[in-house]
Amino acid sequence: MDKKIRILIAKPGLDGHDRGAKVIARALRDAGMEVIYTGLRQTPEMIAEAALQEDVDAVGLSILSGAHLTLLPRVVSCLAARGLDDVLVFVGGIIPDEDVAPLKEAGVAAVFGPGTNTDHVVEFIRGQFQTA
Amino acid sequence: MANSRLPEAIPALVDRALQGDRRALSRLISRVENGGVEAWSALALIYPRTGQAQIVGVTGAPGTGKSTLVSELAKHTRRHHPEITVGIVAVDPTSPFSGGAVLGDRIRMRDLSGDAGVFIRSMATRGSLGGLARATTDVVKVLDAAGFQLILIETVGAGQSEIDIARTADTVIVVEAPGLGDEVQAIKAGILEIADVLVVNKADRDGVQSTVNALHTMIDLGKAPTSVLHHGHLTTIAAPLDAPTDRWRPPILKTIASESTGIAEVLDAMAQHCAYLSDHPEGQQRAKVRAAIELETILREALLQRLLDRIGPAELNRTIEQVAARAIDPYSAAQQLLS
């Protein structure tokens, strides 16, 4: 049985820099995962709908605009509204330390700041999904 | 797994997917994609509901604009025929080194998001080399059974020999772009031979006319007039074909998909080809060839699995080591395992 970890990488909101998202997409690919990359300027509804259609195990969000406290909880609630409350949500980008706790409370499983080693992200995701 | 809930039983999942539950549909697609006995049981259940959709493949070299064209075909269809629902399967390659993949076709399909009449699924090839994933045909069946009337399949960026799409789609659109090759490329064997509709995309670029001319020459050479018996009535074809026989002659159409130019003409050609296949004996011949290939593929997989189960990993490994050490040749080793 060939069960692959499938991950949606998306950029919610309006900032136009997707280098970080692409670096993570590439690192997850090199770790043997299937990464669906949706590109820039996605609304929470678009992200949740793509997660549903692609049957992903996790959604990784890259956000640099400062709108994370507005957008990320909305992504989580849009996922839940589609019955995807078991999908892991993690975020990377510029997130001030004091915002990490409220994001986790809102259902974000992990927050990765600038300078995070991609191996660390890969290990985190593997840890969540490894069966044995 | 974080998805710690037990996987739903296939019959219940199939029921919900066929009743329009998109979450169930998505999960069913994954189970079918992952293959094995479970996938076969699901496919056996849905099979009676398949055969309704118009299945169109879009193939061509990387960068010719396949994703954008697929997106435009879906958008145009939804705008002018809102009653027609559209399923899209977009295939991108799996890395042969890591087994991972980046599936990026949705980037060009963002205009379709928010439309509940469209369902897009990205697939990685998972080691398959023919331009599709091994399970693409099966995933298309799931969408067909779920009631999507038009199913568009986008292959990986294909060069000359990735022609699996011809065994899956009713109509194959080959997308070219100006400046990608000379006339010799056009007469080589390969994907041009499987084209039912040829699209020269990016038609605002230099060299578009020479690309069109090269394709015309290729078709004139390739589809020499052959006498074909006139079966039944061909009069229902929407537009007259100027081919010298009643065989389909691939039209060559120019598009600028990024500006939505020429899309209606491609949809017209798709409809004409669909009508041709239903009226012309070639349609039935194709269906038979496809069934034969599909059955053979399933048999091959099933027989191999049965054989490997019987041999067991220990004996298989022992034999592999003998072959690697050149203690026995692979042909005799295979005969031994079979006997």
# chains A, B, ... in the order shown; residues from 1 in each chain; ligands from 1
>>> closest_atom_pairs(of="chain B", to="chain A", cutoff="7 Å", atoms="only C-alpha atoms", output="tab-separated table")
residue	atom	partner	partner_atom	distance
B:Met1	CA	A:Phe129	CA	4.3
B:Ala2	CA	A:Phe129	CA	5.7
B:Asn3	CA	A:Asp86	CA	5.8
B:Arg23	CA	A:Leu52	CA	6.1
B:Ser26	CA	A:Gln53	CA	5.5
B:Arg27	CA	A:Asp55	CA	6.0
B:Asn34	CA	A:Asp2	CA	5.4
B:Gly35	CA	A:Met1	CA	6.8
B:Gly36	CA	A:Met1	CA	6.7
B:Ser98	CA	A:Gly32	CA	4.8
B:Gly99	CA	A:Gly32	CA	4.7
B:Gly100	CA	A:Gly32	CA	3.7
B:Ala101	CA	A:Glu34	CA	4.7
B:Val102	CA	A:Val35	CA	4.7
B:Leu103	CA	A:Ile36	CA	4.7
B:Gly104	CA	A:Tyr37	CA	5.1
B:Arg106	CA	A:Thr38	CA	5.4
B:Ile107	CA	A:Thr38	CA	4.7
B:Ser113	CA	A:Met46	CA	6.1
B:Gly114	CA	A:Met46	CA	6.6
B:Phe119	CA	A:Gln53	CA	6.6
B:Ile120	CA	A:Gln53	CA	6.3
B:Arg121	CA	A:Glu54	CA	5.6
B:Ser122	CA	A:Glu54	CA	6.6
>>> select_by_dssp(residues="region 93-286 of chain B", states="strand (DSSP E)", output="list in words")
Ala101, Val102, Leu103, Val118, Phe119, Ile120, Arg121, Ser122, Met123, Ala124, Leu150, Ile151, Leu152, Ile153, Glu154, Thr171, Val172, Ile173, Val174, Val175, Glu176, Val197, Leu198, Val199, Val200, Ile252, Leu253 and Lys254 of chain B
>>> write_last_selection(atoms="N, CA and C atoms", output="PDB file, in the first residue's frame")
ATOM      1  N   ALA B 101       6.788  14.878  -4.470  1.00  0.00           N
ATOM      2  CA  ALA B 101       6.381  15.617  -5.656  1.00  0.00           C
ATOM      3  C   ALA B 101       5.894  16.997  -5.245  1.00  0.00           C
ATOM      4  N   VAL B 102       6.082  17.958  -6.133  1.00  0.00           N
ATOM      5  CA  VAL B 102       5.408  19.246  -5.969  1.00  0.00           C
ATOM      6  C   VAL B 102       4.383  19.337  -7.087  1.00  0.00           C
ATOM      7  N   LEU B 103       3.120  19.432  -6.694  1.00  0.00           N
ATOM      8  CA  LEU B 103       2.026  19.455  -7.660  1.00  0.00           C
ATOM      9  C   LEU B 103       1.533  20.895  -7.764  1.00  0.00           C
ATOM     10  N   VAL B 118     -17.102  22.480  -9.876  1.00  0.00           N
ATOM     11  CA  VAL B 118     -15.782  22.056 -10.361  1.00  0.00           C
ATOM     12  C   VAL B 118     -15.070  21.324  -9.233  1.00  0.00           C
ATOM     13  N   PHE B 119     -14.408  20.231  -9.567  1.00  0.00           N
ATOM     14  CA  PHE B 119     -13.614  19.491  -8.579  1.00  0.00           C
ATOM     15  C   PHE B 119     -12.255  19.218  -9.193  1.00  0.00           C
ATOM     16  N   ILE B 120     -11.218  19.727  -8.549  1.00  0.00           N
ATOM     17  CA  ILE B 120      -9.861  19.582  -9.090  1.00  0.00           C
ATOM     18  C   ILE B 120      -9.054  18.657  -8.197  1.00  0.00           C
ATOM     19  N   ARG B 121      -8.387  17.690  -8.784  1.00  0.00           N
ATOM     20  CA  ARG B 121      -7.546  16.805  -8.004  1.00  0.00           C
ATOM     21  C   ARG B 121      -6.171  16.707  -8.649  1.00  0.00           C
ATOM     22  N   SER B 122      -5.129  16.959  -7.864  1.00  0.00           N
ATOM     23  CA  SER B 122      -3.751  16.816  -8.347  1.00  0.00           C
ATOM     24  C   SER B 122      -3.265  15.409  -8.051  1.00  0.00           C
ATOM     25  N   MET B 123      -2.532  14.835  -8.987  1.00  0.00           N
ATOM     26  CA  MET B 123      -1.988  13.486  -8.797  1.00  0.00           C
ATOM     27  C   MET B 123      -0.513  13.483  -9.143  1.00  0.00           C
ATOM     28  N   ALA B 124       0.278  12.756  -8.340  1.00  0.00           N
ATOM     29  CA  ALA B 124       1.678  12.550  -8.678  1.00  0.00           C
ATOM     30  C   ALA B 124       1.798  11.240  -9.446  1.00  0.00           C
ATOM     31  N   LEU B 150     -18.100  16.563 -17.620  1.00  0.00           N
ATOM     32  CA  LEU B 150     -16.894  16.793 -18.423  1.00  0.00           C
ATOM     33  C   LEU B 150     -15.702  16.551 -17.509  1.00  0.00           C
ATOM     34  N   ILE B 151     -14.796  15.670 -17.931  1.00  0.00           N
ATOM     35  CA  ILE B 151     -13.609  15.415 -17.127  1.00  0.00           C
ATOM     36  C   ILE B 151     -12.374  15.755 -17.963  1.00  0.00           C
ATOM     37  N   LEU B 152     -11.590  16.684 -17.459  1.00  0.00           N
ATOM     38  CA  LEU B 152     -10.382  17.117 -18.147  1.00  0.00           C
ATOM     39  C   LEU B 152      -9.180  16.526 -17.424  1.00  0.00           C
ATOM     40  N   ILE B 153      -8.311  15.858 -18.178  1.00  0.00           N
ATOM     41  CA  ILE B 153      -7.103  15.276 -17.592  1.00  0.00           C
ATOM     42  C   ILE B 153      -5.906  16.026 -18.144  1.00  0.00           C
ATOM     43  N   GLU B 154      -5.114  16.580 -17.259  1.00  0.00           N
ATOM     44  CA  GLU B 154      -3.880  17.223 -17.705  1.00  0.00           C
ATOM     45  C   GLU B 154      -2.716  16.294 -17.406  1.00  0.00           C
ATOM     46  N   THR B 171     -11.079  12.032 -26.117  1.00  0.00           N
ATOM     47  CA  THR B 171     -10.529  13.038 -27.019  1.00  0.00           C
ATOM     48  C   THR B 171      -9.203  13.522 -26.440  1.00  0.00           C
ATOM     49  N   VAL B 172      -8.162  13.528 -27.284  1.00  0.00           N
ATOM     50  CA  VAL B 172      -6.853  13.997 -26.817  1.00  0.00           C
ATOM     51  C   VAL B 172      -6.521  15.327 -27.500  1.00  0.00           C
ATOM     52  N   ILE B 173      -6.276  16.333 -26.676  1.00  0.00           N
ATOM     53  CA  ILE B 173      -5.824  17.631 -27.180  1.00  0.00           C
ATOM     54  C   ILE B 173      -4.322  17.702 -26.961  1.00  0.00           C
ATOM     55  N   VAL B 174      -3.574  17.918 -28.042  1.00  0.00           N
ATOM     56  CA  VAL B 174      -2.129  18.114 -27.902  1.00  0.00           C
ATOM     57  C   VAL B 174      -1.846  19.607 -28.036  1.00  0.00           C
ATOM     58  N   VAL B 175      -1.193  20.157 -27.020  1.00  0.00           N
ATOM     59  CA  VAL B 175      -0.909  21.596 -27.001  1.00  0.00           C
ATOM     60  C   VAL B 175       0.532  21.833 -27.433  1.00  0.00           C
ATOM     61  N   GLU B 176       0.679  22.695 -28.410  1.00  0.00           N
ATOM     62  CA  GLU B 176       1.997  23.100 -28.867  1.00  0.00           C
ATOM     63  C   GLU B 176       2.137  24.596 -28.614  1.00  0.00           C
ATOM     64  N   VAL B 197      -7.247  16.771 -31.429  1.00  0.00           N
ATOM     65  CA  VAL B 197      -7.333  18.218 -31.636  1.00  0.00           C
ATOM     66  C   VAL B 197      -5.941  18.780 -31.353  1.00  0.00           C
ATOM     67  N   LEU B 198      -5.446  19.597 -32.272  1.00  0.00           N
ATOM     68  CA  LEU B 198      -4.141  20.234 -32.046  1.00  0.00           C
ATOM     69  C   LEU B 198      -4.362  21.700 -31.717  1.00  0.00           C
ATOM     70  N   VAL B 199      -3.744  22.137 -30.632  1.00  0.00           N
ATOM     71  CA  VAL B 199      -3.881  23.532 -30.229  1.00  0.00           C
ATOM     72  C   VAL B 199      -2.504  24.166 -30.230  1.00  0.00           C
ATOM     73  N   VAL B 200      -2.373  25.258 -30.976  1.00  0.00           N
ATOM     74  CA  VAL B 200      -1.147  26.042 -30.891  1.00  0.00           C
ATOM     75  C   VAL B 200      -1.449  27.194 -29.946  1.00  0.00           C
ATOM     76  N   ILE B 252      -6.514  22.133 -36.370  1.00  0.00           N
ATOM     77  CA  ILE B 252      -5.408  22.864 -35.751  1.00  0.00           C
ATOM     78  C   ILE B 252      -5.937  24.242 -35.357  1.00  0.00           C
ATOM     79  N   LEU B 253      -5.953  24.497 -34.066  1.00  0.00           N
ATOM     80  CA  LEU B 253      -6.585  25.714 -33.561  1.00  0.00           C
ATOM     81  C   LEU B 253      -5.563  26.573 -32.845  1.00  0.00           C
ATOM     82  N   LYS B 254      -5.739  27.875 -32.992  1.00  0.00           N
ATOM     83  CA  LYS B 254      -4.832  28.805 -32.297  1.00  0.00           C
ATOM     84  C   LYS B 254      -5.528  29.377 -31.060  1.00  0.00           C
TER      85      LYS B 254
END
>>> residues_around(residues="region 292-308 of chain B", least_positions_apart="6", cutoff="8 Å", atoms="only C-alpha atoms", output="list of chain:residue names")
B:Arg167, B:Leu316, B:Leu338
>>> residues_around(residues="Asn117 (chain A)", least_positions_apart="3", cutoff="12 Å", atoms="only C-alpha atoms", output="PyMOL selection string")
chain A and resi 20+23-24+27+92+112-114+120-124
>>> atom_distance(atom1="CA of Leu277 (chain B)", atom2="CA of Gly51 (chain B)")
13.7 Å
>>> select_by_dssp(residues="chain A", states="helix (DSSP H, G or I)", output="ChimeraX atom specification")
/A:19-30,44-54,68-81,97-105,118-129
>>> residues_around(residues="Val108 (chain A)", least_positions_apart="3", cutoff="12 Å", atoms="only C-alpha atoms", output="tab-separated table (two decimals) with N, CA and C atoms, in the first residue's frame")
chain	number	residue	atom	x	y	z
A	58	ALA	N	-2.17	17.61	5.88
A	58	ALA	CA	-1.77	18.82	6.58
A	58	ALA	C	-1.83	20.02	5.64
A	59	VAL	N	-2.01	21.20	6.22
A	59	VAL	CA	-1.96	22.45	5.47
A	59	VAL	C	-0.87	23.32	6.07
A	60	GLY	N	0.09	23.72	5.24
A	60	GLY	CA	1.15	24.62	5.68
A	60	GLY	C	0.90	26.00	5.09
A	61	LEU	N	0.88	27.01	5.95
A	61	LEU	CA	0.57	28.36	5.49
A	61	LEU	C	1.78	29.25	5.67
A	68	HIS	N	-1.74	37.54	10.23
A	68	HIS	CA	-1.90	36.13	10.65
A	68	HIS	C	-3.00	35.95	11.69
A	69	LEU	N	-3.16	36.92	12.63
A	69	LEU	CA	-4.17	36.72	13.68
A	69	LEU	C	-5.58	36.78	13.12
A	71	LEU	N	-6.21	35.97	9.60
A	71	LEU	CA	-6.40	34.98	8.53
A	71	LEU	C	-6.30	33.53	9.03
A	72	LEU	N	-5.34	33.26	9.92
A	72	LEU	CA	-5.10	31.85	10.27
A	72	LEU	C	-6.28	31.21	11.00
A	73	PRO	N	-6.86	31.89	12.01
A	73	PRO	CA	-8.05	31.28	12.64
A	73	PRO	C	-9.18	31.06	11.63
A	74	ARG	N	-9.26	31.95	10.63
A	74	ARG	CA	-10.31	31.75	9.62
A	74	ARG	C	-10.04	30.52	8.76
A	75	VAL	N	-8.77	30.27	8.45
A	75	VAL	CA	-8.44	29.04	7.71
A	75	VAL	C	-8.87	27.83	8.53
A	76	VAL	N	-8.53	27.85	9.83
A	76	VAL	CA	-8.89	26.72	10.70
A	76	VAL	C	-10.41	26.53	10.73
A	77	SER	N	-11.15	27.63	10.84
A	77	SER	CA	-12.61	27.46	10.92
A	77	SER	C	-13.21	27.05	9.57
A	79	LEU	N	-11.71	25.12	7.44
A	79	LEU	CA	-11.43	23.68	7.36
A	79	LEU	C	-12.47	22.90	8.17
A	85	ASP	N	-11.55	18.90	10.38
A	85	ASP	CA	-10.93	19.32	11.64
A	85	ASP	C	-9.78	18.40	12.05
A	86	ASP	N	-9.59	17.29	11.34
A	86	ASP	CA	-8.45	16.43	11.64
A	86	ASP	C	-7.22	16.78	10.80
A	87	VAL	N	-7.32	17.81	9.97
A	87	VAL	CA	-6.17	18.20	9.15
A	87	VAL	C	-5.25	19.11	9.97
A	88	LEU	N	-3.97	18.74	9.99
A	88	LEU	CA	-2.97	19.49	10.75
A	88	LEU	C	-2.68	20.83	10.06
A	89	VAL	N	-2.67	21.92	10.84
A	89	VAL	CA	-2.34	23.23	10.28
A	89	VAL	C	-1.04	23.72	10.90
A	90	PHE	N	-0.07	24.08	10.07
A	90	PHE	CA	1.16	24.70	10.59
A	90	PHE	C	1.45	25.96	9.79
A	91	VAL	N	2.24	26.84	10.37
A	91	VAL	CA	2.45	28.14	9.74
A	91	VAL	C	3.92	28.50	9.79
A	92	GLY	N	4.36	29.18	8.74
A	92	GLY	CA	5.71	29.72	8.71
A	92	GLY	C	5.65	31.17	8.29
A	99	ASP	N	2.32	36.34	19.53
A	99	ASP	CA	1.16	35.86	18.77
A	99	ASP	C	1.10	34.34	18.68
A	100	VAL	N	2.18	33.68	19.10
A	100	VAL	CA	2.22	32.22	18.94
A	100	VAL	C	1.14	31.54	19.80
A	101	ALA	N	1.03	31.97	21.06
A	101	ALA	CA	0.04	31.33	21.95
A	101	ALA	C	-1.39	31.48	21.42
A	102	PRO	N	-1.82	32.69	21.05
A	102	PRO	CA	-3.19	32.80	20.51
A	102	PRO	C	-3.41	31.96	19.24
A	103	LEU	N	-2.37	31.84	18.40
A	103	LEU	CA	-2.53	31.02	17.19
A	103	LEU	C	-2.71	29.56	17.56
A	104	LYS	N	-1.92	29.11	18.54
A	104	LYS	CA	-2.05	27.71	18.95
A	104	LYS	C	-3.42	27.46	19.56
A	105	GLU	N	-3.89	28.44	20.30
A	105	GLU	CA	-5.23	28.31	20.86
A	105	GLU	C	-6.28	28.21	19.76
A	111	VAL	N	4.26	26.76	14.82
A	111	VAL	CA	4.64	28.02	14.19
A	111	VAL	C	6.15	28.00	13.97
A	112	PHE	N	6.57	28.22	12.73
A	112	PHE	CA	7.99	28.21	12.39
A	112	PHE	C	8.41	29.60	11.94
>>> atom_distance(atom1="CA of Gly115 (chain A)", atom2="CA of Pro96 (chain B)")
28.7 Å
>>> residues_around(residues="Leu337 (chain B)", least_positions_apart="5", cutoff="12 Å", atoms="only C-alpha atoms", output="CSV table (one decimal) with N, CA and C atoms, in the first residue's frame")
chain,number,residue,atom,x,y,z
B,304,LEU,N,0.9,-10.9,-11.0
B,304,LEU,CA,2.2,-10.7,-10.4
B,304,LEU,C,2.1,-10.8,-8.9
B,307,LEU,N,1.6,-14.3,-7.7
B,307,LEU,CA,2.8,-15.0,-7.8
B,307,LEU,C,3.8,-14.7,-6.7
B,308,LEU,N,3.9,-13.3,-6.4
B,308,LEU,CA,4.8,-12.9,-5.4
B,308,LEU,C,4.3,-13.4,-4.0
B,309,ASP,N,3.0,-13.4,-3.8
B,309,ASP,CA,2.5,-14.0,-2.6
B,309,ASP,C,2.9,-15.4,-2.4
B,310,ARG,N,2.8,-16.2,-3.5
B,310,ARG,CA,3.1,-17.6,-3.4
B,310,ARG,C,4.6,-17.9,-3.2
B,311,ILE,N,5.4,-17.1,-3.9
B,311,ILE,CA,6.9,-17.3,-3.7
B,311,ILE,C,7.4,-16.9,-2.3
B,312,GLY,N,6.9,-15.8,-1.9
B,312,GLY,CA,7.3,-15.3,-0.6
B,312,GLY,C,8.6,-14.5,-0.7
B,313,PRO,N,8.8,-13.5,0.2
B,313,PRO,CA,9.9,-12.6,0.1
B,313,PRO,C,11.3,-13.3,0.3
B,315,GLU,N,12.3,-16.4,-0.6
B,315,GLU,CA,12.8,-17.1,-1.8
B,315,GLU,C,13.1,-16.1,-2.9
B,316,LEU,N,12.3,-15.0,-2.9
B,316,LEU,CA,12.5,-14.0,-3.9
B,316,LEU,C,13.8,-13.3,-3.7
B,317,ASN,N,14.1,-13.0,-2.4
B,317,ASN,CA,15.4,-12.3,-2.1
B,317,ASN,C,16.6,-13.2,-2.4
B,318,ARG,N,16.4,-14.5,-2.1
B,318,ARG,CA,17.5,-15.5,-2.4
B,318,ARG,C,17.8,-15.5,-3.9
B,319,THR,N,16.7,-15.5,-4.7
B,319,THR,CA,16.9,-15.6,-6.1
B,319,THR,C,17.5,-14.3,-6.6
B,320,ILE,N,17.1,-13.1,-6.1
B,320,ILE,CA,17.6,-11.9,-6.5
B,320,ILE,C,19.1,-11.9,-6.3
B,330,PRO,N,18.9,-14.3,-15.2
B,330,PRO,CA,17.6,-13.9,-14.8
B,330,PRO,C,16.5,-14.7,-15.5
B,331,TYR,N,16.7,-15.2,-16.8
B,331,TYR,CA,15.7,-15.9,-17.5
B,331,TYR,C,15.4,-17.2,-16.9
B,332,SER,N,16.5,-18.0,-16.5
B,332,SER,CA,16.3,-19.3,-15.9
B,332,SER,C,15.7,-19.1,-14.5
>>> atom_distance(atom1="CA of Glu72 (chain B)", atom2="CA of Ser258 (chain B)")
8.2 Å
>>> residues_around(residues="Ala67 (chain A)", least_positions_apart="6", cutoff="10 Å", atoms="only C-alpha atoms", output="MDAnalysis selection string")
chainID A and resid 12:15 95
>>> write_last_selection(atoms="N, CA and C atoms", output="PDB file, in the first residue's frame")
ATOM      1  N   PRO A  12      -1.927  32.583   2.307  1.00  0.00           N
ATOM      2  CA  PRO A  12      -3.148  33.373   2.476  1.00  0.00           C
ATOM      3  C   PRO A  12      -2.809  34.861   2.465  1.00  0.00           C
ATOM      4  N   GLY A  13      -3.766  35.654   2.052  1.00  0.00           N
ATOM      5  CA  GLY A  13      -3.593  37.093   2.156  1.00  0.00           C
ATOM      6  C   GLY A  13      -2.843  37.692   0.990  1.00  0.00           C
ATOM      7  N   LEU A  14      -2.346  38.887   1.193  1.00  0.00           N
ATOM      8  CA  LEU A  14      -1.947  39.720   0.070  1.00  0.00           C
ATOM      9  C   LEU A  14      -0.451  39.880  -0.139  1.00  0.00           C
ATOM     10  N   ASP A  15       0.396  39.353   0.772  1.00  0.00           N
ATOM     11  CA  ASP A  15       1.809  39.604   0.503  1.00  0.00           C
ATOM     12  C   ASP A  15       2.292  38.724  -0.648  1.00  0.00           C
ATOM     13  N   ILE A  95       6.068  35.859  12.484  1.00  0.00           N
ATOM     14  CA  ILE A  95       5.035  35.829  13.515  1.00  0.00           C
ATOM     15  C   ILE A  95       5.691  36.270  14.830  1.00  0.00           C
TER      16      ILE A  95
END
